[in-house]
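Trainee: Structure provided below as structure tokens; questions to follow.
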Amino acid sequence: MRKGLFALAAVGLLATGSIAACGDSKSDSSGSGTTSSSTGKVGVILPDTKSSARWATADVKYLKDAFDAAGITADIQNAQGDKTQFQTIADGMISSGVKVLMIVNLDSGTGKAVLDKAKAAGIATIDYDRLTLNGGADYYVSFDNVKVGELQGQGLVDCLTANKAVKPVVAELNGSPTDNNATLFAQGYNSVLDPKYADGTFVKGPNQDVPDWDNTQAGTIFEQMLTSNKNIKGVLAANDGLGNAAIAVLKKNKLNGQVPVTGQDATVQGLQNILAGDQCMTVYKAIKKEADAASQVAIAIAKGEKPTTATGKVTDPESKKDVASVLLTPASITKDNVKDVVTDGYVTKDELCTAEFAAACTTAGIS
């Protein structure tokens, strides 16, 4: 792994803003064989397995590994996109006496209700990946999500420039309006694209949020965009799932590879789309580093210690209160450095370089 590219950066940020379902993981302490009576249990609620493959393939594994290594009992469950189930899981964890509750909210309203219950029970709380607006979590661990958006915006600019596009119409497929991260991503990529719209270099085309990051809806939305504006020459898609939905529509219209599409999450599908020339770029967020950083905070609390790594501050745009935070640095991935994601161990060569993509993998230096 290249030093610096995927390094953890605990920095402060003033924020203005499908695959098969994975089973629940109840991780009993394993490192030392027993858990000290003074060590608390950790509850983790992940959001779904539809919005991004990471929630099924990456986070649950990395979190479990970290808690197991520390000898901490952890109950890791997934709400499968169901707000009622999210609250039911939380109630069960609170009743079971967890000392720490870590959540990835489905929306800020549901998240706040859960955080309030946990705080009333004297349980420490961590917002993982998504800040719960006005939620009052004790800690927040995520990536610099404005930077994620900036990388997406600049990536699209670079690809359109390479295409020698003249006044290209750019369509934007934003993430879920209930996800604060989607707001931050948009803040980032619009900070790059808006000046281009203002000076006439680019033309602002259709711009729409995708409810719940739903890829099927994204395909329908983009098909409507393209039907009403056949001159779309670039697509700012907020993650790889939305990007792939746009690419499927472009393929139907024999436009794939001609219209640059962005993404995020460095999924196998997204990386394969990049190797095929159908996707311009993605943003790699080293999920293991995020899971390890969140686990460090939770483990310290579970052991009755004060976390020492959450040295940054994020200001909740609704409550205006600062939240002790750890933020990580994302990286832009194009065809030139797809191999870095493999080198980092996030995806394997076998997953990525199936028969259809074997030659492209060789060209990209993945061996």
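Ligands are numbered from 1 in the order shown, residues from 1 within each chain, and chains are lettered A, B, ... in the order they appear in the structure tokens.
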Need the shell around Ala58 (chain A): protein/DNA/RNA residues with any atom at most 8 Å away, counting only C-alpha atoms. Skip same-chain ones fewer than 5 positions apart. Format as a list in words?
Mentor: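 Skipping anything fewer than 5 positions along the chain leaves Ala53, Ile287 and Lys288 of chain A.
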Trainee: Compile the contact shell of Phe143 (chain A) as a PyMOL selection string: residues with an atom at most 6 Å away, counting only C-alpha atoms, same-chain residues fewer than 5 positions apart removed.
Mentor: chain A and resi 327-329
Trainee: If you run DSSP on this backbone, which residues of region 96-141 of chain A come out as strand (DSSP E), and could you give them as a ChimeraX atom specification?
Mentor: /A:100-103,124-128,139-141
Trainee: So which one's closest to Lys164 (chain A), A:Ala238, A:Val259, A:Lys252, A:Val44? Using only C-alpha atoms, please.
Mentor: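 Using only C-alpha atoms, the shortest distance to Lys164 (chain A) belongs to A:Val259.
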Trainee: I want to know what sits within 7 Å of region 119-127 of chain A, based on only C-alpha atoms, with residues of the same chain fewer than 5 positions away left out; could you give that as a list in words?
Mentor: Lys99, Val100, Leu101, Met102, Ile103, Val104, Thr132, Ala137, Asp138, Tyr139, Tyr140 and Val141 of chain A
Trainee: Output N, CA and C atoms for every residue in the selection just made, as a CSV table (one decimal), in the first residue's frame.
Mentor:
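Saved result, out-v6.csv, follows:
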chain,number,residue,atom,x,y,z
A,99,LYS,N,-22.7,-1.4,26.8
A,99,LYS,CA,-22.1,-0.2,27.3
A,99,LYS,C,-21.9,0.9,26.3
A,100,VAL,N,-21.8,0.4,25.0
A,100,VAL,CA,-21.6,1.3,23.9
A,100,VAL,C,-22.6,0.9,22.8
A,101,LEU,N,-23.2,1.9,22.2
A,101,LEU,CA,-24.1,1.7,21.0
A,101,LEU,C,-23.5,2.5,19.8
A,102,MET,N,-23.2,1.7,18.7
A,102,MET,CA,-22.7,2.4,17.5
A,102,MET,C,-23.7,2.2,16.4
A,103,ILE,N,-24.1,3.3,15.8
A,103,ILE,CA,-25.2,3.1,14.7
A,103,ILE,C,-24.8,3.8,13.4
A,104,VAL,N,-25.3,3.2,12.3
A,104,VAL,CA,-25.3,3.9,11.0
A,104,VAL,C,-26.8,4.2,10.8
A,132,THR,N,-25.8,11.7,12.7
A,132,THR,CA,-27.2,11.8,13.0
A,132,THR,C,-27.5,13.3,13.3
A,137,ALA,N,-24.8,12.3,19.4
A,137,ALA,CA,-23.9,11.2,19.7
A,137,ALA,C,-22.7,11.7,20.4
A,138,ASP,N,-22.1,10.9,21.2
A,138,ASP,CA,-20.9,11.2,21.9
A,138,ASP,C,-19.7,11.3,21.0
A,139,TYR,N,-19.6,10.5,20.0
A,139,TYR,CA,-18.5,10.4,19.0
A,139,TYR,C,-19.0,10.2,17.6
A,140,TYR,N,-18.2,10.6,16.6
A,140,TYR,CA,-18.5,10.4,15.2
A,140,TYR,C,-17.3,9.9,14.5
A,141,VAL,N,-17.4,8.8,13.8
A,141,VAL,CA,-16.2,8.3,13.0
A,141,VAL,C,-16.7,8.1,11.6
Trainee: Find the spatial neighbours of Val347 (chain A), counting only C-alpha atoms, within a cut-off of 12 Å - ignore same-chain residues fewer than 4 positions away - and output them as a list in words.
Mentor: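 Listing them by chain and then by number gives Ala53, Arg54, Thr57, Ala58, Asp265, Ala266, Thr267, Val268, Gln269, Gly270, Leu271, Gln272, Tyr284, Ala286, Ile287, Lys288, Val338, Lys339, Asp340, Val341, Val342, Thr343, Glu351, Leu352, Cys353 and Ile366 of chain A.
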Trainee: When you look at Cys361 (chain A) with a cut-off of 10 Å (counting only C-alpha atoms), what residues show up, excluding the ones that are within fewer than 2 positions of it in the same chain? I need them as a list in words.
Mentor: Gln272, Leu275, Ala276, Lys335, Val338, Lys339, Lys349, Leu352, Cys353, Thr354, Ala355, Glu356, Phe357, Ala358, Ala359, Thr363, Ala364, Gly365, Ile366 and Ser367 of chain A
Trainee: What residues in region 135-166 of chain A get the DSSP label alpha helix (DSSP H)? Please answer as an MDAnalysis selection string.
Mentor: chainID A and resid 145:162
Trainee: The selected residues should be written to file as an mmCIF file, in the first residue's frame (atoms: N, CA and C atoms).
Mentor:
data_model
loop_
_atom_site.group_PDB
_atom_site.id
_atom_site.type_symbol
_atom_site.label_atom_id
_atom_site.label_comp_id
_atom_site.auth_asym_id
_atom_site.auth_seq_id
_atom_site.Cartn_x
_atom_site.Cartn_y
_atom_site.Cartn_z
ATOM 1 N N ASN A 145 -16.317 13.684 4.217
ATOM 2 C CA ASN A 145 -17.294 13.455 3.148
ATOM 3 C C ASN A 145 -17.410 14.618 2.165
ATOM 4 N N VAL A 146 -17.072 15.817 2.590
ATOM 5 C CA VAL A 146 -16.987 16.919 1.629
ATOM 6 C C VAL A 146 -15.842 16.650 0.653
ATOM 7 N N LYS A 147 -14.743 16.133 1.186
ATOM 8 C CA LYS A 147 -13.599 15.788 0.330
ATOM 9 C C LYS A 147 -13.975 14.692 -0.657
ATOM 10 N N VAL A 148 -14.787 13.719 -0.227
ATOM 11 C CA VAL A 148 -15.272 12.679 -1.141
ATOM 12 C C VAL A 148 -15.933 13.334 -2.351
ATOM 13 N N GLY A 149 -16.841 14.278 -2.077
ATOM 14 C CA GLY A 149 -17.536 14.961 -3.160
ATOM 15 C C GLY A 149 -16.609 15.777 -4.037
ATOM 16 N N GLU A 150 -15.628 16.423 -3.422
ATOM 17 C CA GLU A 150 -14.660 17.194 -4.207
ATOM 18 C C GLU A 150 -13.906 16.288 -5.178
ATOM 19 N N LEU A 151 -13.526 15.102 -4.704
ATOM 20 C CA LEU A 151 -12.824 14.155 -5.576
ATOM 21 C C LEU A 151 -13.721 13.719 -6.736
ATOM 22 N N GLN A 152 -15.003 13.513 -6.458
ATOM 23 C CA GLN A 152 -15.940 13.136 -7.522
ATOM 24 C C GLN A 152 -16.064 14.259 -8.551
ATOM 25 N N GLY A 153 -16.246 15.475 -8.067
ATOM 26 C CA GLY A 153 -16.380 16.609 -8.977
ATOM 27 C C GLY A 153 -15.147 16.802 -9.831
ATOM 28 N N GLN A 154 -13.975 16.754 -9.205
ATOM 29 C CA GLN A 154 -12.732 16.931 -9.961
ATOM 30 C C GLN A 154 -12.504 15.776 -10.914
ATOM 31 N N GLY A 155 -12.893 14.570 -10.496
ATOM 32 C CA GLY A 155 -12.754 13.423 -11.384
ATOM 33 C C GLY A 155 -13.568 13.593 -12.651
ATOM 34 N N LEU A 156 -14.805 14.091 -12.503
ATOM 35 C CA LEU A 156 -15.644 14.311 -13.680
ATOM 36 C C LEU A 156 -15.059 15.411 -14.560
ATOM 37 N N VAL A 157 -14.558 16.473 -13.945
ATOM 38 C CA VAL A 157 -13.919 17.548 -14.707
ATOM 39 C C VAL A 157 -12.751 16.992 -15.516
ATOM 40 N N ASP A 158 -11.919 16.168 -14.876
ATOM 41 C CA ASP A 158 -10.747 15.617 -15.562
ATOM 42 C C ASP A 158 -11.160 14.741 -16.746
ATOM 43 N N CYS A 159 -12.208 13.938 -16.558
ATOM 44 C CA CYS A 159 -12.631 13.035 -17.632
ATOM 45 C C CYS A 159 -13.259 13.806 -18.793
ATOM 46 N N LEU A 160 -14.054 14.816 -18.477
ATOM 47 C CA LEU A 160 -14.656 15.619 -19.540
ATOM 48 C C LEU A 160 -13.591 16.407 -20.287
ATOM 49 N N THR A 161 -12.574 16.872 -19.549
ATOM 50 C CA THR A 161 -11.465 17.587 -20.191
ATOM 51 C C THR A 161 -10.701 16.653 -21.118
ATOM 52 N N ALA A 162 -10.463 15.425 -20.652
ATOM 53 C CA ALA A 162 -9.762 14.438 -21.485
ATOM 54 C C ALA A 162 -10.557 14.114 -22.745
#
Trainee: My list of candidates is A:Leu193, A:Val314, A:Val114, A:Ala246. Which is closest to Ala218 (chain A) when distances are computed with only C-alpha atoms?
Mentor: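 Once distances to Ala218 (chain A) are computed over only C-alpha atoms, the minimum belongs to A:Ala246.
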Trainee: Taking 6 positions as the minimum chain separation for residues in the same chain, which residues sit within 7 Å of region 222-234 of chain A when counting only C-alpha atoms? Answer as a list in words.
Mentor: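 Final neighbour list, sorted by chain and number: Pro168, Val169, Val170, Ala171, Pro206, Ala246, Val249, Val259, Pro260 and Val261 of chain A.
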Trainee: With all heavy atoms retained, write the just-selected residues as a compact mmCIF listing (two decimals), in the first residue's frame.
Mentor:
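Result written to again00.txt:
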# COMPACT_ATOMS: atom_id res chain seq x y z
N PRO A 168 -20.29 20.64 -22.06
CA PRO A 168 -21.06 19.42 -21.83
C PRO A 168 -22.19 19.62 -20.82
O PRO A 168 -22.04 20.34 -19.83
CB PRO A 168 -20.01 18.45 -21.26
CG PRO A 168 -19.01 19.36 -20.60
CD PRO A 168 -18.93 20.57 -21.48
N VAL A 169 -23.33 18.98 -21.10
CA VAL A 169 -24.44 18.97 -20.16
C VAL A 169 -24.15 17.89 -19.11
O VAL A 169 -23.88 16.74 -19.46
CB VAL A 169 -25.78 18.67 -20.86
CG1 VAL A 169 -26.91 18.56 -19.85
CG2 VAL A 169 -26.08 19.75 -21.89
N VAL A 170 -24.18 18.28 -17.85
CA VAL A 170 -23.86 17.35 -16.76
C VAL A 170 -25.12 17.05 -15.96
O VAL A 170 -25.82 17.96 -15.49
CB VAL A 170 -22.78 17.95 -15.81
CG1 VAL A 170 -22.56 17.03 -14.61
CG2 VAL A 170 -21.48 18.16 -16.58
N ALA A 171 -25.43 15.77 -15.83
CA ALA A 171 -26.55 15.33 -14.99
C ALA A 171 -26.00 14.91 -13.63
O ALA A 171 -24.91 14.36 -13.53
CB ALA A 171 -27.27 14.15 -15.64
N PRO A 206 -30.08 18.00 -15.67
CA PRO A 206 -31.00 17.52 -14.65
C PRO A 206 -30.27 17.10 -13.38
O PRO A 206 -29.16 16.56 -13.44
CB PRO A 206 -31.70 16.34 -15.31
CG PRO A 206 -30.81 15.94 -16.45
CD PRO A 206 -30.10 17.18 -16.89
N ALA A 246 -26.89 4.22 -14.00
CA ALA A 246 -26.78 5.13 -15.15
C ALA A 246 -26.09 4.45 -16.32
O ALA A 246 -26.49 4.60 -17.49
CB ALA A 246 -26.03 6.40 -14.74
N VAL A 249 -28.34 2.26 -18.37
CA VAL A 249 -29.18 3.03 -19.29
C VAL A 249 -28.35 3.50 -20.48
O VAL A 249 -28.80 3.45 -21.63
CB VAL A 249 -29.81 4.24 -18.57
CG1 VAL A 249 -30.57 5.13 -19.54
CG2 VAL A 249 -30.73 3.76 -17.44
N VAL A 259 -19.90 8.69 -22.30
CA VAL A 259 -20.37 9.65 -21.29
C VAL A 259 -19.71 9.30 -19.95
O VAL A 259 -20.03 8.26 -19.37
CB VAL A 259 -21.91 9.60 -21.15
CG1 VAL A 259 -22.37 10.56 -20.06
CG2 VAL A 259 -22.58 9.92 -22.48
N PRO A 260 -18.79 10.12 -19.46
CA PRO A 260 -18.13 9.81 -18.19
C PRO A 260 -19.13 9.75 -17.03
O PRO A 260 -20.03 10.59 -16.94
CB PRO A 260 -17.15 10.97 -18.00
CG PRO A 260 -16.95 11.53 -19.36
CD PRO A 260 -18.25 11.34 -20.07
N VAL A 261 -18.95 8.76 -16.17
CA VAL A 261 -19.81 8.56 -15.00
C VAL A 261 -18.92 8.41 -13.78
O VAL A 261 -17.93 7.66 -13.81
CB VAL A 261 -20.68 7.30 -15.17
CG1 VAL A 261 -21.57 7.08 -13.94
CG2 VAL A 261 -21.54 7.38 -16.43
Trainee: Name the residues in contact with region 177-185 of chain A at a cut-off of 12 Å, using only C-alpha atoms, excluding same-chain residues fewer than 6 positions from it; report them as a PyMOL selection string.
Mentor: chain A and resi 13-17+47+51+104-111+127-135+142-153+191-192+208-214+236-239+263-264+283+316-318+330
Trainee: Kindly give the distance, in Å, that separates CA of Ile45 (chain A) and CA of Thr88 (chain A), rounded to a single decimal.
Mentor: 10.6 Å
Trainee: CA of Ala331 (chain A) and CA of Gln77 (chain A), how far apart in Å?
Mentor: 28.4 Å
Trainee: Quick check, in Å to one decimal: how far apart do CA of Val203 (chain A) and CA of Asn273 (chain A) lie?
Mentor: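 Straight-line distance from CA of Val203 (chain A) to CA of Asn273 (chain A) works out to 25.2 Å.
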